[in-house]
Every structure is written in structure tokens, then in C-alpha cells.
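A.B. asks: There's a structure below that I have some questions on.
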Amino acid sequence: MTKRLLIIYTGGTIGMQQTPAGLAPAPDLAAEIRHMPELGQAFQTHPPLLETLSYDPLLDSSDMTPGRWVQITRDILQHYQHYDGFVVLHGTDTLAYTASALSFFLERTDKPVVITGAQLPFAYPRSDARNNLISALEVAANMPASMTQVCVVFGSRILRGNRAIKVSAKAYDAFDSPRYPHLGTIGIDIEYNRRRRFPVGFGNFTRHGQLPPDDAVALVRLFPGFSATTLRAICGNSNLRGIVLEAYGAGNGPGQNQDFQDTIRDAVHRGIVVVVVSQPLDGIVRMSSYAAGSALARAGAISGRDMTTEAALTKLYYLIALGYSADNIAKNMKTPVAGEMRR
Ligand code: ASP
């Protein structure tokens, strides 16, 4: 390896140790990495080919916040000129949200940004931490230039960051992208699917953006009997600017529930953008397929097409952070800006 790479350690199982309260992030991971026989040398060169940046505090990724997405973004941009690629070590629980968020907040990267983690801590027997780390470093160093983007490397898969979702709490292939082909496969060789080129860049957050409050967005999953009262209570929050609605199948909701439809209509009139995504892992929203879906569209909800929930939520948050009006947010939610949805 002759490329210069920065490893950003944010926390997660990959570096956790057992404590009386259960597994918790431990600061030692950076030191462990330096002592890996495969990597040790790369820290000794001048300038070093590998460097680590450890966050304080390290997080179980269940504590991740939009503020941290921006911190990772800023750290990558601050070090952008000095490295050829970046590897972010992250807990698996919310890794797909961070991968999606970075794909928007980074706007345009011509250097690979690879996010990985592990199902078992580094120090455990049969841990996947070493393999995932080394694969992530290789991808960060050697991803074809035409493909450079924010991606997830985990187990045997290379996935577009804003298409990835966590699909298993047990398997070493913990992530998948059921609505988009894999970017590549990790076996004896690392094979890239070169047709999956770099998606267009977008936005100007780092120059003009400002983080909205965390409650500017909400996620609502429909279930039979879902009450309009609950939705009204959520929409009553004056900070709310957007809702991701996880609807059924092709984007269907309770079409005969007038109270529910009226609540959506009122929210949209008040400038809240309502984006419909599909609950099934491989679902695609086509709201005109069923009357139950067109009712949502008539009430003013917009289609998130094949976006994952994670991508829809982080994209919404990003567009709000750019200071866009509701109309502009709605327009951009319907347009692919970083390969997160089909055209
Ligand atoms: N709770 C852990 C985390 O997300 C799980 C993991 O990393 O696998 O930080």
C-alpha cells in the first residue's frame, strides 16, 4: 500500500470491551491497530501512510447524533488534501444512517470514504474486526477512480453508503443493499462492479449550512390501526420540518381513514414535507399503483421511490440544514442528488 489513509474511530463494537454494564467503547483500539502485523509498518513511514483519529467520547452508535455526522464530515474535509482515502470505524446499529448522511453532507468526494465496523470486538476470537478493517483500507486505497464515493465495506460486500441497510445482527455480512446492486465483492480478490460509477455531487452545506434542531425531522412507521391522533401530536411540534412515512408496499396508507389523510394535508399546508418510503426491504414506492397510495399523494405526501428510510431521513435533514424552503426541499427529495434513488 502506498496511499495515505486516515482512520477515523468513532466507537462501536469493533473497539468495545466488556464492562460491568455490558460492552462499551474502549479507547485502546487505535493502539491495537498500530500493533497489527499487517499494518504496523505503515504507521512508521515519513510521512506515515496510516494515521488514526479517535473521537472523544467514543460512542456506541446508538448515541450517534446529526452533530456527529457533521463532525465526521468536517474532519474528512479538514484532512482532505493530506490523504488519498478515509476509513470511518463505526458501530453497526446506526452505521447505515451515518453512511447515508456522509453521502449528502460531503457533497462530492473524489476520494473513497469507507465506513466499516464489526459484529464482534477486535480482541474476541473469530472477530470480523481485522478483516473488515483491512478490507476497508484496501478499498479506500484502491477503489477505481470512476467509482469513488461514500461506501460501506462489511464482510464480503462493498455497498453504496446511501443504499445500505443493516440486515443482520448475527451474520458477518451484516449489511446489504436490497434496492441497489452491490458495488463490489470481497473474496480472495476484491472485485468491483465498475458500472456502478460515482454519482453526482450536490449542495453547499459546508459553506452555508446550519444544523437544525434534532427534532426537525421525524420517522413514522405505519401499522394497522395507526392513529391520526399520534400523527397530529408529532406534527404539533413547531420545530418539525419533515416526516419520513414508512408506508406499506408500493407506498400505501390507510386510504379510507379521512382523519389520517386530513392530518397529512394539514401538515403539508403548514410547510412540513412528508416523504413516503416503503416498508419491505426491496420495496419501491409507486403511489399511483393503489387508491390507498394515491390518497396519500393527493394529501400532499411525496414519493421517496426506492430510497431507504435511512437515506430519506438523512437527506431530509441535510436539505433542512441547507436552509431550503419546503417547496425546494420537496423538489430535491424527488431528485437523486448522490445516487440514493433511481431516476
Ligand atoms: N451497539 C453497537 C453500536 O452500534 C453495535 C455494533 O457496533 O455492532 O455501536
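Identifiers for the C-alpha cells are assigned positionally: chains receive A, B, ... in sequence, residues are indexed from 1 per chain, and ligands are indexed from 1 in the order shown.
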Compute the set of protein, DNA and RNA residues whose minimum atom distance to ligand 1 is at most 12 Å, using only C-alpha atoms and all ligand atoms, and state it as a PyMOL selection string.
C.D. replies: chain A and resi 9-17+22-26+58-64+89-98+115-122+127-129+154+166-175
A.B. asks: I want to know what sits within 9 Å of Ile134 (chain A), based on only C-alpha atoms, with residues of the same chain fewer than 5 positions away left out; could you give that as a PDB file with C-alpha atoms, in the first residue's frame?
C.D. replies:
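Once everything was written out, this is result10.pdb:
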ATOM      1  CA  GLU A  38      -0.229  -6.255   8.616  1.00  0.00           C
ATOM      2  CA  LEU A  39      -0.371  -2.505   9.301  1.00  0.00           C
ATOM      3  CA  ALA A 129     -12.876  -6.642  13.045  1.00  0.00           C
ATOM      4  CA  VAL A 139     -10.946  -0.363  -0.773  1.00  0.00           C
TER       5      VAL A 139
END
A.B. asks: Taking into account only C-alpha atoms, which residue in the set A:Gly187, A:Gly161, A:Pro224, A:Pro20 is nearest to Asn132 (chain A)?
C.D. replies: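 Nearest candidate to Asn132 (chain A) out of A:Gly187, A:Gly161, A:Pro224, A:Pro20: A:Gly187.
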A.B. asks: Have a look at A:Arg4, A:Arg34, A:Arg157, A:His182 and name the one nearest to Val87 (chain A); count only C-alpha atoms.
C.D. replies: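 Looking at the shortest contact to Val87 (chain A), the residue is A:Arg4.
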A.B. asks: Which of region 151-341 of chain A counts as helix (DSSP H, G or I) under DSSP, as a PDB file with N, CA, C and O atoms, in the first residue's frame please?
C.D. replies:
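Listed below is the output, selection-v4.pdb:
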ATOM      1  N   GLY A 161     -23.061   3.757   0.171  1.00  0.00           N
ATOM      2  CA  GLY A 161     -23.400   4.150   1.544  1.00  0.00           C
ATOM      3  C   GLY A 161     -24.865   4.479   1.731  1.00  0.00           C
ATOM      4  O   GLY A 161     -25.487   4.038   2.708  1.00  0.00           O
ATOM      5  N   ASN A 162     -25.443   5.234   0.776  1.00  0.00           N
ATOM      6  CA  ASN A 162     -26.833   5.650   0.989  1.00  0.00           C
ATOM      7  C   ASN A 162     -27.845   4.620   0.477  1.00  0.00           C
ATOM      8  O   ASN A 162     -29.035   4.895   0.410  1.00  0.00           O
ATOM      9  N   ARG A 163     -27.356   3.423   0.134  1.00  0.00           N
ATOM     10  CA  ARG A 163     -28.258   2.330  -0.244  1.00  0.00           C
ATOM     11  C   ARG A 163     -28.202   1.193   0.766  1.00  0.00           C
ATOM     12  O   ARG A 163     -28.948   0.218   0.659  1.00  0.00           O
ATOM     13  N   PHE A 205     -23.353  22.544   1.913  1.00  0.00           N
ATOM     14  CA  PHE A 205     -23.555  22.603   3.356  1.00  0.00           C
ATOM     15  C   PHE A 205     -22.370  23.222   4.082  1.00  0.00           C
ATOM     16  O   PHE A 205     -22.525  24.059   4.965  1.00  0.00           O
ATOM     17  N   THR A 206     -21.151  22.796   3.702  1.00  0.00           N
ATOM     18  CA  THR A 206     -20.006  23.231   4.495  1.00  0.00           C
ATOM     19  C   THR A 206     -19.790  24.734   4.398  1.00  0.00           C
ATOM     20  O   THR A 206     -19.208  25.339   5.277  1.00  0.00           O
ATOM     21  N   ARG A 207     -20.296  25.338   3.330  1.00  0.00           N
ATOM     22  CA  ARG A 207     -20.170  26.797   3.229  1.00  0.00           C
ATOM     23  C   ARG A 207     -21.343  27.503   3.901  1.00  0.00           C
ATOM     24  O   ARG A 207     -21.162  28.477   4.597  1.00  0.00           O
ATOM     25  N   HIS A 208     -22.565  26.985   3.687  1.00  0.00           N
ATOM     26  CA  HIS A 208     -23.722  27.765   4.125  1.00  0.00           C
ATOM     27  C   HIS A 208     -24.609  27.063   5.142  1.00  0.00           C
ATOM     28  O   HIS A 208     -25.512  27.671   5.683  1.00  0.00           O
ATOM     29  N   ASP A 214     -32.518  18.682  16.369  1.00  0.00           N
ATOM     30  CA  ASP A 214     -32.678  17.257  16.048  1.00  0.00           C
ATOM     31  C   ASP A 214     -34.138  16.900  15.779  1.00  0.00           C
ATOM     32  O   ASP A 214     -34.422  15.972  15.031  1.00  0.00           O
ATOM     33  N   ASP A 215     -35.075  17.642  16.397  1.00  0.00           N
ATOM     34  CA  ASP A 215     -36.480  17.276  16.186  1.00  0.00           C
ATOM     35  C   ASP A 215     -37.087  17.969  14.959  1.00  0.00           C
ATOM     36  O   ASP A 215     -38.304  18.068  14.834  1.00  0.00           O
ATOM     37  N   ALA A 216     -36.230  18.414  14.034  1.00  0.00           N
ATOM     38  CA  ALA A 216     -36.746  18.976  12.780  1.00  0.00           C
ATOM     39  C   ALA A 216     -37.277  17.868  11.870  1.00  0.00           C
ATOM     40  O   ALA A 216     -38.028  18.125  10.934  1.00  0.00           O
ATOM     41  N   ALA A 228     -54.472   8.681  13.804  1.00  0.00           N
ATOM     42  CA  ALA A 228     -54.214  10.047  13.346  1.00  0.00           C
ATOM     43  C   ALA A 228     -53.851  10.940  14.532  1.00  0.00           C
ATOM     44  O   ALA A 228     -53.140  11.935  14.378  1.00  0.00           O
ATOM     45  N   THR A 229     -54.321  10.571  15.725  1.00  0.00           N
ATOM     46  CA  THR A 229     -54.010  11.371  16.920  1.00  0.00           C
ATOM     47  C   THR A 229     -52.504  11.389  17.173  1.00  0.00           C
ATOM     48  O   THR A 229     -51.920  12.422  17.502  1.00  0.00           O
ATOM     49  N   THR A 230     -51.885  10.225  16.992  1.00  0.00           N
ATOM     50  CA  THR A 230     -50.431  10.146  17.178  1.00  0.00           C
ATOM     51  C   THR A 230     -49.736  11.052  16.166  1.00  0.00           C
ATOM     52  O   THR A 230     -48.837  11.817  16.502  1.00  0.00           O
ATOM     53  N   LEU A 231     -50.195  10.963  14.904  1.00  0.00           N
ATOM     54  CA  LEU A 231     -49.577  11.773  13.854  1.00  0.00           C
ATOM     55  C   LEU A 231     -49.768  13.262  14.148  1.00  0.00           C
ATOM     56  O   LEU A 231     -48.840  14.067  14.000  1.00  0.00           O
ATOM     57  N   ARG A 232     -50.971  13.629  14.611  1.00  0.00           N
ATOM     58  CA  ARG A 232     -51.227  15.049  14.929  1.00  0.00           C
ATOM     59  C   ARG A 232     -50.309  15.524  16.039  1.00  0.00           C
ATOM     60  O   ARG A 232     -49.786  16.639  16.016  1.00  0.00           O
ATOM     61  N   ALA A 233     -50.100  14.644  17.042  1.00  0.00           N
ATOM     62  CA  ALA A 233     -49.233  15.027  18.165  1.00  0.00           C
ATOM     63  C   ALA A 233     -47.808  15.290  17.652  1.00  0.00           C
ATOM     64  O   ALA A 233     -47.154  16.269  18.030  1.00  0.00           O
ATOM     65  N   ILE A 234     -47.343  14.426  16.748  1.00  0.00           N
ATOM     66  CA  ILE A 234     -45.988  14.610  16.185  1.00  0.00           C
ATOM     67  C   ILE A 234     -45.928  15.911  15.387  1.00  0.00           C
ATOM     68  O   ILE A 234     -44.993  16.701  15.518  1.00  0.00           O
ATOM     69  N   CYS A 235     -46.963  16.144  14.596  1.00  0.00           N
ATOM     70  CA  CYS A 235     -46.970  17.343  13.739  1.00  0.00           C
ATOM     71  C   CYS A 235     -47.150  18.624  14.548  1.00  0.00           C
ATOM     72  O   CYS A 235     -46.893  19.722  14.056  1.00  0.00           O
ATOM     73  N   GLN A 258     -60.167   9.164   6.838  1.00  0.00           N
ATOM     74  CA  GLN A 258     -60.192  10.579   6.474  1.00  0.00           C
ATOM     75  C   GLN A 258     -59.384  11.428   7.449  1.00  0.00           C
ATOM     76  O   GLN A 258     -58.682  12.360   7.055  1.00  0.00           O
ATOM     77  N   ASP A 259     -59.480  11.062   8.725  1.00  0.00           N
ATOM     78  CA  ASP A 259     -58.767  11.819   9.755  1.00  0.00           C
ATOM     79  C   ASP A 259     -57.251  11.789   9.480  1.00  0.00           C
ATOM     80  O   ASP A 259     -56.551  12.807   9.556  1.00  0.00           O
ATOM     81  N   PHE A 260     -56.771  10.605   9.119  1.00  0.00           N
ATOM     82  CA  PHE A 260     -55.342  10.444   8.804  1.00  0.00           C
ATOM     83  C   PHE A 260     -54.967  11.298   7.576  1.00  0.00           C
ATOM     84  O   PHE A 260     -53.991  12.045   7.591  1.00  0.00           O
ATOM     85  N   GLN A 261     -55.771  11.191   6.532  1.00  0.00           N
ATOM     86  CA  GLN A 261     -55.474  11.966   5.305  1.00  0.00           C
ATOM     87  C   GLN A 261     -55.493  13.469   5.601  1.00  0.00           C
ATOM     88  O   GLN A 261     -54.629  14.209   5.129  1.00  0.00           O
ATOM     89  N   ASP A 262     -56.475  13.909   6.410  1.00  0.00           N
ATOM     90  CA  ASP A 262     -56.572  15.344   6.730  1.00  0.00           C
ATOM     91  C   ASP A 262     -55.348  15.810   7.523  1.00  0.00           C
ATOM     92  O   ASP A 262     -54.854  16.929   7.332  1.00  0.00           O
ATOM     93  N   THR A 263     -54.878  14.942   8.398  1.00  0.00           N
ATOM     94  CA  THR A 263     -53.712  15.320   9.212  1.00  0.00           C
ATOM     95  C   THR A 263     -52.481  15.505   8.326  1.00  0.00           C
ATOM     96  O   THR A 263     -51.705  16.443   8.489  1.00  0.00           O
ATOM     97  N   ILE A 264     -52.327  14.609   7.338  1.00  0.00           N
ATOM     98  CA  ILE A 264     -51.210  14.770   6.390  1.00  0.00           C
ATOM     99  C   ILE A 264     -51.382  16.083   5.616  1.00  0.00           C
ATOM    100  O   ILE A 264     -50.449  16.879   5.478  1.00  0.00           O
ATOM    101  N   ARG A 265     -52.594  16.312   5.142  1.00  0.00           N
ATOM    102  CA  ARG A 265     -52.853  17.531   4.333  1.00  0.00           C
ATOM    103  C   ARG A 265     -52.534  18.790   5.155  1.00  0.00           C
ATOM    104  O   ARG A 265     -51.848  19.704   4.676  1.00  0.00           O
ATOM    105  N   ASP A 266     -52.982  18.803   6.406  1.00  0.00           N
ATOM    106  CA  ASP A 266     -52.716  19.969   7.269  1.00  0.00           C
ATOM    107  C   ASP A 266     -51.217  20.175   7.459  1.00  0.00           C
ATOM    108  O   ASP A 266     -50.706  21.291   7.400  1.00  0.00           O
ATOM    109  N   ALA A 267     -50.521  19.052   7.710  1.00  0.00           N
ATOM    110  CA  ALA A 267     -49.070  19.142   7.939  1.00  0.00           C
ATOM    111  C   ALA A 267     -48.386  19.737   6.710  1.00  0.00           C
ATOM    112  O   ALA A 267     -47.563  20.653   6.812  1.00  0.00           O
ATOM    113  N   VAL A 268     -48.771  19.238   5.529  1.00  0.00           N
ATOM    114  CA  VAL A 268     -48.148  19.734   4.283  1.00  0.00           C
ATOM    115  C   VAL A 268     -48.461  21.225   4.105  1.00  0.00           C
ATOM    116  O   VAL A 268     -47.578  22.014   3.757  1.00  0.00           O
ATOM    117  N   HIS A 269     -49.684  21.614   4.413  1.00  0.00           N
ATOM    118  CA  HIS A 269     -50.042  23.042   4.301  1.00  0.00           C
ATOM    119  C   HIS A 269     -49.226  23.900   5.248  1.00  0.00           C
ATOM    120  O   HIS A 269     -48.941  25.055   4.959  1.00  0.00           O
ATOM    121  N   ALA A 291     -55.284   2.853  -4.947  1.00  0.00           N
ATOM    122  CA  ALA A 291     -56.060   4.015  -4.491  1.00  0.00           C
ATOM    123  C   ALA A 291     -55.554   4.462  -3.117  1.00  0.00           C
ATOM    124  O   ALA A 291     -55.514   5.654  -2.799  1.00  0.00           O
ATOM    125  N   ALA A 292     -55.127   3.481  -2.297  1.00  0.00           N
ATOM    126  CA  ALA A 292     -54.646   3.798  -0.946  1.00  0.00           C
ATOM    127  C   ALA A 292     -53.354   4.614  -0.989  1.00  0.00           C
ATOM    128  O   ALA A 292     -53.038   5.345  -0.055  1.00  0.00           O
ATOM    129  N   GLY A 293     -52.598   4.473  -2.076  1.00  0.00           N
ATOM    130  CA  GLY A 293     -51.375   5.257  -2.233  1.00  0.00           C
ATOM    131  C   GLY A 293     -51.690   6.615  -2.840  1.00  0.00           C
ATOM    132  O   GLY A 293     -51.166   7.643  -2.414  1.00  0.00           O
ATOM    133  N   SER A 294     -52.619   6.628  -3.838  1.00  0.00           N
ATOM    134  CA  SER A 294     -52.910   7.935  -4.442  1.00  0.00           C
ATOM    135  C   SER A 294     -53.578   8.861  -3.441  1.00  0.00           C
ATOM    136  O   SER A 294     -53.436  10.083  -3.544  1.00  0.00           O
ATOM    137  N   ALA A 295     -54.275   8.296  -2.440  1.00  0.00           N
ATOM    138  CA  ALA A 295     -54.883   9.158  -1.414  1.00  0.00           C
ATOM    139  C   ALA A 295     -53.781   9.923  -0.674  1.00  0.00           C
ATOM    140  O   ALA A 295     -53.905  11.120  -0.414  1.00  0.00           O
ATOM    141  N   LEU A 296     -52.671   9.229  -0.380  1.00  0.00           N
ATOM    142  CA  LEU A 296     -51.536   9.902   0.295  1.00  0.00           C
ATOM    143  C   LEU A 296     -50.957  10.995  -0.598  1.00  0.00           C
ATOM    144  O   LEU A 296     -50.636  12.086  -0.141  1.00  0.00           O
ATOM    145  N   ALA A 297     -50.840  10.679  -1.894  1.00  0.00           N
ATOM    146  CA  ALA A 297     -50.294  11.664  -2.830  1.00  0.00           C
ATOM    147  C   ALA A 297     -51.222  12.879  -2.912  1.00  0.00           C
ATOM    148  O   ALA A 297     -50.765  14.022  -2.913  1.00  0.00           O
ATOM    149  N   ARG A 298     -52.537  12.629  -2.964  1.00  0.00           N
ATOM    150  CA  ARG A 298     -53.493  13.746  -3.036  1.00  0.00           C
ATOM    151  C   ARG A 298     -53.410  14.621  -1.779  1.00  0.00           C
ATOM    152  O   ARG A 298     -53.592  15.832  -1.827  1.00  0.00           O
ATOM    153  N   THR A 309     -35.093   4.117   4.209  1.00  0.00           N
ATOM    154  CA  THR A 309     -35.531   5.021   5.280  1.00  0.00           C
ATOM    155  C   THR A 309     -34.362   5.884   5.740  1.00  0.00           C
ATOM    156  O   THR A 309     -34.493   7.090   5.951  1.00  0.00           O
ATOM    157  N   GLU A 310     -33.189   5.255   5.879  1.00  0.00           N
ATOM    158  CA  GLU A 310     -32.009   5.970   6.372  1.00  0.00           C
ATOM    159  C   GLU A 310     -31.625   7.100   5.428  1.00  0.00           C
ATOM    160  O   GLU A 310     -31.289   8.207   5.863  1.00  0.00           O
ATOM    161  N   ALA A 311     -31.670   6.800   4.116  1.00  0.00           N
ATOM    162  CA  ALA A 311     -31.308   7.831   3.140  1.00  0.00           C
ATOM    163  C   ALA A 311     -32.339   8.944   3.145  1.00  0.00           C
ATOM    164  O   ALA A 311     -31.990  10.134   3.109  1.00  0.00           O
ATOM    165  N   ALA A 312     -33.628   8.580   3.193  1.00  0.00           N
ATOM    166  CA  ALA A 312     -34.678   9.607   3.149  1.00  0.00           C
ATOM    167  C   ALA A 312     -34.564  10.534   4.360  1.00  0.00           C
ATOM    168  O   ALA A 312     -34.642  11.759   4.238  1.00  0.00           O
ATOM    169  N   LEU A 313     -34.350   9.940   5.520  1.00  0.00           N
ATOM    170  CA  LEU A 313     -34.297  10.752   6.749  1.00  0.00           C
ATOM    171  C   LEU A 313     -33.083  11.685   6.757  1.00  0.00           C
ATOM    172  O   LEU A 313     -33.192  12.875   7.084  1.00  0.00           O
ATOM    173  N   THR A 314     -31.932  11.159   6.383  1.00  0.00           N
ATOM    174  CA  THR A 314     -30.720  11.996   6.432  1.00  0.00           C
ATOM    175  C   THR A 314     -30.721  13.031   5.313  1.00  0.00           C
ATOM    176  O   THR A 314     -30.245  14.146   5.495  1.00  0.00           O
ATOM    177  N   LYS A 315     -31.300  12.674   4.167  1.00  0.00           N
ATOM    178  CA  LYS A 315     -31.383  13.645   3.071  1.00  0.00           C
ATOM    179  C   LYS A 315     -32.312  14.798   3.456  1.00  0.00           C
ATOM    180  O   LYS A 315     -31.997  15.972   3.230  1.00  0.00           O
ATOM    181  N   LEU A 316     -33.434  14.446   4.073  1.00  0.00           N
ATOM    182  CA  LEU A 316     -34.372  15.463   4.544  1.00  0.00           C
ATOM    183  C   LEU A 316     -33.659  16.401   5.524  1.00  0.00           C
ATOM    184  O   LEU A 316     -33.745  17.631   5.419  1.00  0.00           O
ATOM    185  N   TYR A 317     -32.939  15.814   6.437  1.00  0.00           N
ATOM    186  CA  TYR A 317     -32.234  16.606   7.452  1.00  0.00           C
ATOM    187  C   TYR A 317     -31.196  17.523   6.785  1.00  0.00           C
ATOM    188  O   TYR A 317     -31.052  18.684   7.135  1.00  0.00           O
ATOM    189  N   TYR A 318     -30.517  16.969   5.795  1.00  0.00           N
ATOM    190  CA  TYR A 318     -29.486  17.733   5.076  1.00  0.00           C
ATOM    191  C   TYR A 318     -30.105  18.914   4.330  1.00  0.00           C
ATOM    192  O   TYR A 318     -29.594  20.037   4.379  1.00  0.00           O
ATOM    193  N   LEU A 319     -31.213  18.677   3.659  1.00  0.00           N
ATOM    194  CA  LEU A 319     -31.850  19.765   2.891  1.00  0.00           C
ATOM    195  C   LEU A 319     -32.374  20.843   3.834  1.00  0.00           C
ATOM    196  O   LEU A 319     -32.318  22.036   3.532  1.00  0.00           O
ATOM    197  N   ILE A 320     -32.863  20.434   5.005  1.00  0.00           N
ATOM    198  CA  ILE A 320     -33.301  21.421   6.005  1.00  0.00           C
ATOM    199  C   ILE A 320     -32.083  22.214   6.480  1.00  0.00           C
ATOM    200  O   ILE A 320     -32.123  23.435   6.614  1.00  0.00           O
ATOM    201  N   ALA A 321     -30.969  21.492   6.678  1.00  0.00           N
ATOM    202  CA  ALA A 321     -29.733  22.164   7.134  1.00  0.00           C
ATOM    203  C   ALA A 321     -29.235  23.183   6.110  1.00  0.00           C
ATOM    204  O   ALA A 321     -28.603  24.177   6.470  1.00  0.00           O
ATOM    205  N   ALA A 326     -39.756  24.753   2.093  1.00  0.00           N
ATOM    206  CA  ALA A 326     -40.458  23.462   1.975  1.00  0.00           C
ATOM    207  C   ALA A 326     -40.581  23.038   0.509  1.00  0.00           C
ATOM    208  O   ALA A 326     -40.361  21.864   0.175  1.00  0.00           O
ATOM    209  N   ASP A 327     -40.895  23.978  -0.368  1.00  0.00           N
ATOM    210  CA  ASP A 327     -41.056  23.632  -1.795  1.00  0.00           C
ATOM    211  C   ASP A 327     -39.748  23.104  -2.381  1.00  0.00           C
ATOM    212  O   ASP A 327     -39.718  22.133  -3.138  1.00  0.00           O
ATOM    213  N   ASN A 328     -38.674  23.786  -2.022  1.00  0.00           N
ATOM    214  CA  ASN A 328     -37.363  23.387  -2.531  1.00  0.00           C
ATOM    215  C   ASN A 328     -36.929  22.037  -1.951  1.00  0.00           C
ATOM    216  O   ASN A 328     -36.311  21.218  -2.635  1.00  0.00           O
ATOM    217  N   ILE A 329     -37.252  21.814  -0.675  1.00  0.00           N
ATOM    218  CA  ILE A 329     -36.929  20.515  -0.062  1.00  0.00           C
ATOM    219  C   ILE A 329     -37.703  19.420  -0.796  1.00  0.00           C
ATOM    220  O   ILE A 329     -37.138  18.394  -1.194  1.00  0.00           O
ATOM    221  N   ALA A 330     -39.007  19.665  -1.014  1.00  0.00           N
ATOM    222  CA  ALA A 330     -39.843  18.653  -1.683  1.00  0.00           C
ATOM    223  C   ALA A 330     -39.287  18.365  -3.078  1.00  0.00           C
ATOM    224  O   ALA A 330     -39.172  17.212  -3.501  1.00  0.00           O
ATOM    225  N   LYS A 331     -38.909  19.419  -3.784  1.00  0.00           N
ATOM    226  CA  LYS A 331     -38.389  19.235  -5.150  1.00  0.00           C
ATOM    227  C   LYS A 331     -37.118  18.379  -5.129  1.00  0.00           C
ATOM    228  O   LYS A 331     -36.959  17.438  -5.903  1.00  0.00           O
ATOM    229  N   ASN A 332     -36.219  18.709  -4.203  1.00  0.00           N
ATOM    230  CA  ASN A 332     -34.952  17.962  -4.140  1.00  0.00           C
ATOM    231  C   ASN A 332     -35.119  16.553  -3.590  1.00  0.00           C
ATOM    232  O   ASN A 332     -34.318  15.674  -3.904  1.00  0.00           O
ATOM    233  N   MET A 333     -36.134  16.343  -2.764  1.00  0.00           N
ATOM    234  CA  MET A 333     -36.371  14.987  -2.272  1.00  0.00           C
ATOM    235  C   MET A 333     -36.758  14.065  -3.424  1.00  0.00           C
ATOM    236  O   MET A 333     -36.568  12.866  -3.360  1.00  0.00           O
TER     237      MET A 333
END
A.B. asks: Given the choices A:Ile190, A:Arg108, A:Thr73, A:Tyr180, which gets closest to Ala136 (chain A) if the distance is worked out from only C-alpha atoms?
C.D. replies: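 Of A:Ile190, A:Arg108, A:Thr73, A:Tyr180, the one nearest Ala136 (chain A), counting only C-alpha atoms, is A:Ile190.
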A.B. asks: What's the separation between CA of His46 (chain A) and CA of Asp189 (chain A), in Å to one decimal place?
C.D. replies: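 Rounded to one decimal, the two atoms are 29.2 Å apart.
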A.B. asks: Could you list, as an mmCIF file with C-alpha atoms, in the first residue's frame, every residue within 9 Å of Ser289 (chain A), counting only C-alpha atoms and ignoring same-chain residues fewer than 6 positions away?
C.D. replies:
data_model
loop_
_atom_site.group_PDB
_atom_site.id
_atom_site.type_symbol
_atom_site.label_atom_id
_atom_site.label_comp_id
_atom_site.auth_asym_id
_atom_site.auth_seq_id
_atom_site.Cartn_x
_atom_site.Cartn_y
_atom_site.Cartn_z
ATOM 1 C CA ALA A 250 -45.958 0.422 -3.028
ATOM 2 C CA GLY A 251 -46.425 3.409 -0.696
ATOM 3 C CA ASN A 252 -49.912 2.719 0.593
#
A.B. asks: So which one's closest to Arg343 (chain A), A:Gly304, A:Pro47, A:Gly67, A:Gly283? Using only C-alpha atoms, please.
C.D. replies: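 Of A:Gly304, A:Pro47, A:Gly67, A:Gly283, the one nearest Arg343 (chain A) is A:Gly304, counting only C-alpha atoms.
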A.B. asks: Using DSSP on the backbone coordinates, identify all residues within region 93-134 of chain A classified as strand (DSSP E); present the result as a PyMOL selection string.
C.D. replies: chain A and resi 113-116
A.B. asks: Any idea what's packed within 12 Å of Tyr248 (chain A), counting only C-alpha atoms, ignoring anything in its chain fewer than 3 positions away? Could you give it as an MDAnalysis selection string?
C.D. replies: chainID A and resid 220:224 245 251:255 276:287 289:290 292:293 296
A.B. asks: To one decimal in Å, tell me the separation between CA of Val275 (chain A) and CA of Ile165 (chain A).
C.D. replies: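 Rounded to one decimal, the two atoms are 18.4 Å apart.
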A.B. asks: Give me, as a list in words, all polymer residues having an atom no more than 10 Å from Arg196 (chain A), counting only C-alpha atoms and skipping those fewer than 5 positions away in the same chain.
C.D. replies: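 Skipping anything fewer than 5 positions along the chain leaves Ser146, Met147, Thr148, Arg160, Tyr180, Pro181, His182, Leu183, Gly184 and Gly339 of chain A.
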A.B. asks: Using only C-alpha atoms, which protein or nucleic acid residues come within 12 Å of Gln78 (chain A)? Drop anything in the same chain fewer than 6 positions from it, and give the result as a list in words.
C.D. replies: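 Surrounding residues, per the criterion: Leu6, Val70, Gln71, Ile72, Phe86, Leu106 and Thr206 of chain A.
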A.B. asks: Selection from above, N, CA and C atoms, as a tab-separated table (two decimals), in the first residue's frame, can you write it?
C.D. replies:
chain	number	residue	atom	x	y	z
A	6	LEU	N	-6.51	7.91	6.29
A	6	LEU	CA	-6.84	8.31	7.65
A	6	LEU	C	-7.97	7.42	8.18
A	70	VAL	N	-21.89	15.69	11.20
A	70	VAL	CA	-21.21	16.89	10.72
A	70	VAL	C	-19.76	16.91	11.20
A	71	GLN	N	-19.52	16.43	12.42
A	71	GLN	CA	-18.13	16.37	12.90
A	71	GLN	C	-17.29	15.47	11.98
A	72	ILE	N	-17.83	14.31	11.62
A	72	ILE	CA	-17.08	13.40	10.73
A	72	ILE	C	-16.85	14.10	9.38
A	86	PHE	N	-10.34	7.62	3.18
A	86	PHE	CA	-10.73	7.70	4.59
A	86	PHE	C	-11.50	6.45	4.98
A	106	LEU	N	-21.05	15.33	2.60
A	106	LEU	CA	-19.74	15.50	1.94
A	106	LEU	C	-19.88	16.08	0.55
A	206	THR	N	-21.15	22.80	3.70
A	206	THR	CA	-20.01	23.23	4.50
A	206	THR	C	-19.79	24.73	4.40
A.B. asks: So, with only C-alpha atoms as the atoms that count, which of A:Gly85, A:Pro112, A:Pro48, A:Gly236 lies closest to Gln149 (chain A)?
C.D. replies: A:Pro112
